[in-house]
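Novice: Just one file: input-v7.txt, with compact mmCIF, C-alpha atoms and all ligand atoms.
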# COMPACT_ATOMS: atom_id res chain seq x y z
CA MET A 1 7.62 8.31 12.02
CA GLU A 2 4.10 9.69 11.81
CA SER A 3 1.02 7.57 12.50
CA LEU A 4 -2.46 8.34 11.24
CA LYS A 5 -5.68 7.65 13.10
CA MET A 6 -8.15 5.60 11.06
CA ASN A 7 -11.95 5.81 11.17
CA ASN A 8 -12.12 2.84 13.58
CA GLY A 9 -9.87 4.57 16.15
CA LEU A 10 -6.81 2.41 15.37
CA THR A 11 -3.58 3.90 14.00
CA ILE A 12 -1.51 3.10 10.92
CA PRO A 13 2.14 4.12 10.41
CA GLN A 14 2.02 6.62 7.55
CA PHE A 15 5.16 5.16 5.98
CA GLY A 16 6.00 1.54 5.22
CA ILE A 17 7.50 -0.83 2.68
CA GLY A 18 5.75 -2.66 -0.17
CA VAL A 19 6.96 -6.00 -1.52
CA PHE A 20 5.19 -6.29 -4.89
CA ARG A 21 7.34 -8.02 -7.55
CA LEU A 22 9.90 -9.14 -4.94
CA SER A 23 10.93 -12.79 -4.98
CA PRO A 24 10.61 -14.63 -1.64
CA GLU A 25 14.36 -14.16 -1.03
CA GLU A 26 14.17 -10.45 -1.84
CA ALA A 27 11.02 -9.98 0.25
CA GLU A 28 12.52 -11.68 3.31
CA PHE A 29 15.64 -9.54 3.01
CA ALA A 30 13.64 -6.34 2.41
CA VAL A 31 11.38 -6.92 5.42
CA LYS A 32 14.30 -7.74 7.73
CA THR A 33 16.26 -4.73 6.51
CA ALA A 34 13.28 -2.39 6.74
CA LEU A 35 12.39 -3.47 10.28
CA ALA A 36 16.01 -3.08 11.38
CA ASN A 37 15.93 0.49 10.04
CA GLY A 38 12.81 1.80 11.78
CA TYR A 39 10.03 0.66 9.44
CA ARG A 40 7.00 -0.74 11.27
CA HIS A 41 4.58 -1.20 8.37
CA ILE A 42 4.68 -3.90 5.68
CA ASP A 43 2.40 -4.25 2.66
CA THR A 44 2.05 -7.60 0.89
CA ALA A 45 -0.76 -9.51 -0.85
CA ASN A 46 -1.82 -13.08 -1.63
CA PHE A 47 -1.03 -12.26 -5.27
CA TYR A 48 2.61 -11.29 -4.55
CA MET A 49 3.42 -14.92 -3.69
CA ASN A 50 5.85 -13.87 -0.94
CA GLU A 51 3.75 -13.94 2.26
CA ARG A 52 5.74 -16.83 3.78
CA ALA A 53 8.95 -14.89 3.19
CA VAL A 54 7.40 -11.78 4.77
CA GLY A 55 6.50 -13.90 7.81
CA ARG A 56 10.11 -15.14 8.03
CA GLY A 57 11.42 -11.58 7.77
CA ILE A 58 9.17 -10.48 10.62
CA LYS A 59 10.26 -13.41 12.81
CA ALA A 60 13.93 -12.69 12.07
CA SER A 61 13.54 -9.05 13.11
CA GLY A 62 13.09 -10.08 16.75
CA LEU A 63 10.32 -7.47 17.10
CA LYS A 64 7.08 -8.31 18.85
CA ARG A 65 4.19 -8.89 16.46
CA GLU A 66 2.22 -6.01 17.97
CA GLU A 67 5.04 -3.58 17.11
CA ILE A 68 4.43 -4.17 13.40
CA PHE A 69 1.53 -3.12 11.14
CA LEU A 70 0.96 -5.89 8.60
CA THR A 71 -1.27 -5.65 5.53
CA SER A 72 -2.25 -8.29 3.00
CA LYS A 73 -4.87 -8.42 0.24
CA VAL A 74 -7.25 -10.94 -1.25
CA PHE A 75 -7.31 -11.31 -5.01
CA PRO A 76 -10.57 -11.29 -7.03
CA GLY A 77 -11.86 -14.73 -7.80
CA TYR A 78 -11.26 -15.81 -4.22
CA TYR A 79 -14.02 -13.65 -2.76
CA LYS A 80 -16.46 -16.54 -2.36
CA LYS A 81 -14.44 -18.18 0.35
CA ILE A 82 -13.17 -15.33 2.47
CA PRO A 83 -12.92 -17.31 5.78
CA GLU A 84 -10.61 -19.90 4.15
CA VAL A 85 -8.63 -17.17 2.40
CA VAL A 86 -8.05 -15.40 5.70
CA GLU A 87 -7.01 -18.61 7.50
CA ALA A 88 -4.57 -19.49 4.70
CA THR A 89 -3.15 -15.95 4.66
CA LEU A 90 -2.57 -15.99 8.43
CA LYS A 91 -0.88 -19.39 8.13
CA ARG A 92 1.47 -18.27 5.35
CA LEU A 93 2.38 -15.09 7.22
CA ASP A 94 2.72 -17.10 10.44
CA THR A 95 0.70 -14.57 12.39
CA PRO A 96 -2.40 -14.82 14.62
CA TYR A 97 -3.96 -11.69 13.08
CA LEU A 98 -3.66 -9.14 10.27
CA ASP A 99 -3.65 -5.42 10.98
CA LEU A 100 -5.27 -4.70 7.63
CA PHE A 101 -6.78 -6.84 4.89
CA LEU A 102 -7.83 -5.31 1.57
CA LEU A 103 -10.08 -6.34 -1.29
CA HIS A 104 -7.30 -6.07 -3.88
CA GLN A 105 -9.45 -5.16 -6.90
CA PRO A 106 -13.06 -4.04 -7.39
CA TYR A 107 -14.27 -7.19 -9.13
CA GLY A 108 -16.35 -10.22 -8.18
CA ASP A 109 -19.04 -10.35 -5.49
CA ILE A 110 -17.83 -7.34 -3.54
CA LYS A 111 -20.80 -7.13 -1.17
CA LYS A 112 -20.52 -10.76 -0.06
CA ALA A 113 -16.75 -10.45 0.30
CA TRP A 114 -17.07 -7.31 2.40
CA LEU A 115 -19.71 -8.75 4.75
CA ASP A 116 -17.53 -11.88 5.17
CA LEU A 117 -14.53 -9.67 5.96
CA GLU A 118 -16.61 -7.85 8.58
CA GLU A 119 -17.22 -11.24 10.24
CA MET A 120 -13.45 -11.88 10.27
CA VAL A 121 -13.01 -8.56 12.08
CA ARG A 122 -15.62 -9.61 14.66
CA GLN A 123 -13.73 -12.87 15.16
CA GLY A 124 -10.50 -10.92 15.83
CA LYS A 125 -8.59 -12.34 12.86
CA ILE A 126 -8.29 -8.92 11.19
CA LYS A 127 -8.14 -5.57 12.96
CA SER A 128 -9.07 -3.30 10.04
CA ILE A 129 -10.43 -3.81 6.54
CA GLY A 130 -10.15 -1.71 3.42
CA VAL A 131 -10.23 -1.67 -0.35
CA SER A 132 -7.81 -1.15 -3.21
CA ASN A 133 -8.30 0.28 -6.68
CA PHE A 134 -11.91 1.22 -5.90
CA PRO A 135 -13.43 4.20 -7.74
CA ALA A 136 -15.42 6.68 -5.61
CA LYS A 137 -18.73 5.37 -6.97
CA LEU A 138 -18.06 1.84 -5.71
CA VAL A 139 -16.98 3.13 -2.31
CA ASP A 140 -20.27 5.04 -2.09
CA LYS A 141 -22.17 1.87 -2.95
CA MET A 142 -20.27 -0.02 -0.26
CA MET A 143 -21.33 2.59 2.30
CA GLU A 144 -24.97 1.51 1.76
CA TYR A 145 -24.40 -1.98 3.18
CA ALA A 146 -21.14 -1.81 5.15
CA THR A 147 -21.52 -1.94 8.91
CA ILE A 148 -17.73 -1.52 9.13
CA LYS A 149 -16.37 1.29 6.95
CA PRO A 150 -13.23 0.71 4.88
CA VAL A 151 -10.30 2.43 6.61
CA VAL A 152 -8.24 2.94 3.43
CA ASN A 153 -8.41 2.81 -0.34
CA GLN A 154 -5.02 1.82 -1.77
CA VAL A 155 -4.69 3.35 -5.24
CA GLU A 156 -2.07 4.40 -7.78
CA CYS A 157 -0.82 7.80 -6.63
CA HIS A 158 2.28 9.88 -7.42
CA PRO A 159 2.91 13.49 -8.52
CA TYR A 160 1.69 12.69 -12.07
CA HIS A 161 -1.56 11.29 -10.64
CA ALA A 162 -2.06 13.07 -7.33
CA GLN A 163 -5.65 11.80 -6.80
CA ASP A 164 -6.85 15.08 -5.22
CA GLU A 165 -10.48 14.44 -6.20
CA LEU A 166 -10.56 10.91 -4.74
CA ARG A 167 -8.71 12.08 -1.59
CA ALA A 168 -11.30 14.86 -1.04
CA HIS A 169 -14.16 12.38 -1.56
CA HIS A 170 -12.59 9.93 0.91
CA GLU A 171 -11.81 12.61 3.48
CA LYS A 172 -15.55 13.25 3.88
CA LEU A 173 -16.03 9.54 4.64
CA GLY A 174 -12.99 9.28 6.93
CA ILE A 175 -11.17 6.94 4.52
CA LYS A 176 -7.40 7.35 4.12
CA LEU A 177 -5.73 7.28 0.74
CA GLU A 178 -2.84 4.82 0.51
CA ALA A 179 -0.46 5.38 -2.40
CA TRP A 180 0.80 2.49 -4.51
CA TYR A 181 3.38 3.17 -7.24
CA PRO A 182 4.40 6.18 -5.11
CA LEU A 183 7.54 6.65 -7.23
CA GLY A 184 5.75 5.76 -10.45
CA SER A 185 7.99 2.70 -10.25
CA MET A 186 10.90 5.04 -11.09
CA ASN A 187 9.36 6.11 -14.41
CA LYS A 188 12.15 8.09 -16.14
CA LYS A 189 10.03 11.07 -17.08
CA LEU A 190 8.67 11.46 -13.56
CA ILE A 191 12.04 10.97 -11.86
CA ASN A 192 13.77 13.39 -14.25
CA GLU A 193 11.42 16.30 -13.55
CA PRO A 194 13.84 19.23 -12.98
CA LEU A 195 11.92 20.33 -9.86
CA TRP A 196 13.14 17.29 -7.88
CA GLU A 197 16.77 18.19 -8.60
CA GLU A 198 16.19 21.77 -7.43
CA LEU A 199 14.48 20.70 -4.19
CA ALA A 200 16.95 17.88 -3.56
CA LYS A 201 19.78 20.42 -3.71
CA LYS A 202 18.00 22.84 -1.36
CA TYR A 203 17.26 20.19 1.31
CA GLY A 204 20.34 17.99 0.87
CA LYS A 205 18.07 15.04 -0.01
CA SER A 206 17.66 12.74 -3.02
CA LYS A 207 15.01 13.17 -5.72
CA VAL A 208 13.22 10.05 -4.40
CA GLN A 209 13.20 11.47 -0.86
CA ILE A 210 11.59 14.68 -2.15
CA ILE A 211 8.79 12.69 -3.82
CA LEU A 212 8.25 10.57 -0.70
CA ARG A 213 8.14 13.70 1.46
CA TRP A 214 5.47 15.12 -0.88
CA HIS A 215 3.34 12.02 -0.20
CA ILE A 216 3.68 12.50 3.56
CA GLN A 217 2.63 16.14 3.31
CA LYS A 218 -0.35 15.23 1.07
CA GLY A 219 -1.52 13.02 3.96
CA ASN A 220 -1.04 9.81 1.94
CA ILE A 221 -0.06 6.54 3.53
CA VAL A 222 2.98 5.58 1.47
CA ILE A 223 4.65 2.20 0.90
CA PRO A 224 7.57 2.47 -1.57
CA GLY A 225 8.83 -0.88 -2.79
CA SER A 226 12.50 -1.78 -2.65
CA ARG A 227 14.78 -4.79 -2.53
CA ASN A 228 17.90 -2.63 -2.11
CA GLU A 229 19.41 -1.98 1.34
CA ALA A 230 20.67 1.54 0.57
CA HIS A 231 17.29 2.53 -0.94
CA ILE A 232 15.36 1.05 2.01
CA LYS A 233 17.52 3.04 4.44
CA SER A 234 17.33 6.33 2.56
CA ASN A 235 13.60 6.13 1.74
CA ILE A 236 12.62 6.39 5.40
CA ASP A 237 14.96 9.32 6.03
CA ILE A 238 12.32 11.94 5.16
CA PHE A 239 11.10 13.07 8.55
CA ASP A 240 13.68 15.81 9.21
CA PHE A 241 12.58 18.36 6.61
CA ALA A 242 9.38 19.82 5.17
CA LEU A 243 8.49 21.23 1.77
CA THR A 244 7.01 24.73 1.84
CA GLU A 245 3.47 25.51 0.69
CA GLU A 246 4.89 27.16 -2.45
CA GLU A 247 6.89 24.04 -3.22
CA MET A 248 3.83 21.82 -2.71
CA ALA A 249 1.94 24.15 -5.09
CA LYS A 250 4.70 23.83 -7.69
CA ILE A 251 4.50 20.03 -7.44
CA ALA A 252 0.70 20.21 -7.81
CA LYS A 253 1.25 21.74 -11.25
CA LEU A 254 2.97 18.53 -12.42
CA ASP A 255 -0.28 16.54 -11.99
CA LYS A 256 -1.26 14.99 -15.34
CA HIS A 257 -4.30 13.18 -13.83
CA LYS A 258 -3.07 10.07 -15.60
CA LYS A 259 -2.32 6.58 -14.36
CA PHE A 260 0.73 4.66 -15.47
CA LEU A 261 -1.22 1.41 -15.07
CA PRO A 262 -4.84 1.94 -16.10
CA ILE A 263 -6.91 -1.25 -16.11
CA PRO A 264 -10.41 -0.52 -17.43
CA ARG A 265 -12.92 -1.95 -14.96
CA TRP A 266 -14.82 -3.85 -17.66
CA LEU A 267 -11.61 -5.66 -18.63
CA GLY A 268 -10.64 -6.49 -15.05
CA SER A 269 -14.19 -7.60 -14.25
CA LEU A 270 -14.05 -10.05 -17.14
CA PHE A 271 -10.65 -11.58 -16.61
CA MET A 272 -9.28 -11.08 -13.11
CA PRO A 273 -11.89 -13.12 -11.19
CA LEU A 274 -11.03 -16.06 -13.47
CA ILE A 275 -7.36 -16.11 -12.48
CA ARG A 276 -6.68 -19.07 -10.20
CA MET A 277 -3.34 -19.34 -8.44
CA ASN A 278 -2.18 -21.71 -5.75
CA PHE A 279 -0.90 -19.23 -3.19
CA ASP A 280 0.37 -22.06 -1.00
CA LYS A 281 2.91 -22.97 -3.69
CA GLN A 282 5.49 -20.44 -2.54
CA LYS A 283 8.82 -20.70 -0.73
N1 LIG B 301 -2.95 -2.46 -4.54
C1 LIG B 301 -2.38 -2.58 -5.73
O1 LIG B 301 -3.03 -2.89 -6.73
C2 LIG B 301 -0.91 -2.34 -5.84
C3 LIG B 301 -0.30 -2.26 -7.10
C4 LIG B 301 1.07 -2.03 -7.14
C5 LIG B 301 1.78 -1.87 -5.97
N2 LIG B 301 1.17 -1.98 -4.75
C6 LIG B 301 1.91 -1.82 -3.48
O2 LIG B 301 2.61 -0.59 -3.50
C7 LIG B 301 3.99 -0.82 -3.28
C8 LIG B 301 4.83 0.21 -4.00
O3 LIG B 301 4.63 0.16 -5.39
P1 LIG B 301 5.73 -0.39 -6.40
O4 LIG B 301 6.75 -1.14 -5.61
O5 LIG B 301 5.04 -1.10 -7.47
O6 LIG B 301 6.33 0.93 -7.04
P2 LIG B 301 7.25 2.13 -6.46
O7 LIG B 301 7.34 2.05 -4.99
O8 LIG B 301 6.74 3.37 -7.09
O9 LIG B 301 8.65 1.82 -7.11
C9 LIG B 301 9.41 0.70 -6.80
C10 LIG B 301 10.69 0.81 -7.63
O10 LIG B 301 11.44 1.92 -7.17
C11 LIG B 301 12.78 1.54 -6.92
N3 LIG B 301 13.27 2.33 -5.79
C12 LIG B 301 12.75 2.39 -4.53
N4 LIG B 301 13.45 3.25 -3.77
C13 LIG B 301 14.43 3.74 -4.55
C14 LIG B 301 15.49 4.66 -4.33
N5 LIG B 301 15.67 5.25 -3.15
N6 LIG B 301 16.32 4.93 -5.37
C15 LIG B 301 16.15 4.34 -6.58
N7 LIG B 301 15.17 3.46 -6.85
C16 LIG B 301 14.31 3.16 -5.84
C17 LIG B 301 12.73 0.07 -6.62
O11 LIG B 301 13.94 -0.55 -7.02
P3 LIG B 301 14.96 -1.19 -5.91
O12 LIG B 301 14.35 -2.51 -5.53
O13 LIG B 301 16.21 -1.32 -6.68
O14 LIG B 301 15.06 -0.24 -4.78
C18 LIG B 301 11.58 -0.42 -7.50
O15 LIG B 301 12.04 -0.72 -8.80
C19 LIG B 301 4.18 -2.26 -3.78
O16 LIG B 301 5.39 -2.84 -3.36
C20 LIG B 301 2.95 -2.92 -3.26
O17 LIG B 301 3.08 -3.22 -1.87
C21 LIG B 301 -0.17 -2.19 -4.68
For the structure just supplied, provide its representation as structure tokens.

Specialist:
Amino acid sequence: MESLKMNNGLTIPQFGIGVFRLSPEEAEFAVKTALANGYRHIDTANFYMNERAVGRGIKASGLKREEIFLTSKVFPGYYKKIPEVVEATLKRLDTPYLDLFLLHQPYGDIKKAWLDLEEMVRQGKIKSIGVSNFPAKLVDKMMEYATIKPVVNQVECHPYHAQDELRAHHEKLGIKLEAWYPLGSMNKKLINEPLWEELAKKYGKSKVQIILRWHIQKGNIVIPGSRNEAHIKSNIDIFDFALTEEEMAKIAKLDKHKKFLPIPRWLGSLFMPLIRMNFDKQK
């Protein structure tokens, strides 16, 4: 398993598991299964309503907390009370600290939220902080007031939306690109691209493994979601082969520069900060 060095000198395992849309039962099972099969990086969020289950999965693994890289995210609308949000998140996950905490969406009072998150880093409650779904322009703006740089920007990224422009922009700032929807959530058109079949045959791998390997070679941090034991086991089995430069170039030609889940910022800015959920009401 590869690890990447972040701009604050800490490392992040390049590959992990995401638990979006997993019920608490599924999330607990997925985390336990992943950790038993070599995963050391878990991605959850307040909004996923499964942090307690993730905490139980970690405890059940028998691993030491410091062997695991744990990420969560704060949802817009809760930015005004970052210290309480962080305390509640730590409590639900049953952990003394988070490895990474992200501003989940670029809405609300971002500057205040970021400066509050910086304070949480100083207090040792969070090791690294980052953003998610931030366009380059907003990252640039953040650089004007941030005394701690974001280590990652977690964005939709897959071969149909390779994010080369954003990755190049972030590389200059030392920010890593973390890919959500790395499999396009198994979108039929994407998964049925004939190129995957051809490469899968050549390397004796599955189509999904070829896509995940592409992410690794692009330098993305990648967190495929799964509730299925066989999928969890096979997804991480991508570190014993490498795609050639010609193959990477062929995959680059599939880029449609199009998101599966576009949320216009004006729409998100209007509605998302208004969403109120009781994150403590989870199993
Ligand atoms: N920051 C954000 O705004 C944001 C948004 C979305 C997601 N995320 C994060 O990114 C993670 C990944 O995204 P995602 O889960 O939405 O999409 P994804 O990883 O692209 O796709 C997940 C889907 O792929 C299936 N799958 C996984 N491995 C498979 C395999 N080997 N064979 C067949 N099917 C397979 C899963 O089904 P099975 O359960 O049956 O395996 C699930 O339906 C999330 O879990 C979350 O942590 C972040």

Novice: Env of Ala168 in chain A: 12 Å cut, atoms = only C-alpha atoms, seq-sep filter 6 positions within chain, self excluded. Answer as a list in words.

Specialist: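 So, after excluding close chain neighbours, the residues are Ala136, Ala162, Gly174, Ile175, Lys176, Leu177, Lys218, Gly219 and Asn220 of chain A.
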
Novice: Considering all atoms listed in the file, state which residue in the set A:His169, A:Arg227, A:Lys125, A:Arg40 is at the smallest distance from Lys64 in chain A.

Specialist: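 That would be A:Arg40, the residue with the smallest distance to Lys64 in chain A.
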
Novice: Could the residues that lie within 6 Å of ligand LIG 301 (chain B), counting all atoms listed in the file, be listed as a ChimeraX atom specification?

Specialist: /A:18-20,43-44,104,132,154,180-186,208,223-228,231,235

Novice: Go through A:Glu246, A:Glu178, A:Asp99, A:Glu119 one by one, measure the shortest atom-to-atom distance of each to Phe69 in chain A using all atoms listed in the file, and give the residue with the smallest value.

Specialist: A:Asp99

Novice: Expressed in Å to a single decimal, how great is the separation between CA of Ile58 in chain A and CA of Thr71 in chain A?

Specialist: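 These two atoms are separated by 12.6 Å.
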
Novice: Pull the neighbourhood of (17.9, 15.5, 0.1) for me: all residues within 12 Å in file coordinates, counting all atoms listed in the file, as a PyMOL selection string.

Specialist: chain A and resi 196-213+234-243

Novice: Which residue, A:Pro273, A:Gly57, A:Gly108, A:Pro150, has the smallest gap to Leu70 in chain A when you use only C-alpha atoms?

Specialist: A:Gly57

Novice: By how many Å are CA of Lys256 in chain A and CA of Tyr160 in chain A apart?

Specialist: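 CA of Tyr160 in chain A lies 5.0 Å from CA of Lys256 in chain A.
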
Novice: Please provide as a list in words all residues within 6 Å of Ile129 in chain A, with the sequence filter that same-chain residues fewer than 5 positions apart are discarded (counting only C-alpha atoms).

Specialist: Leu100, Phe101, Leu102 and Pro150 of chain A
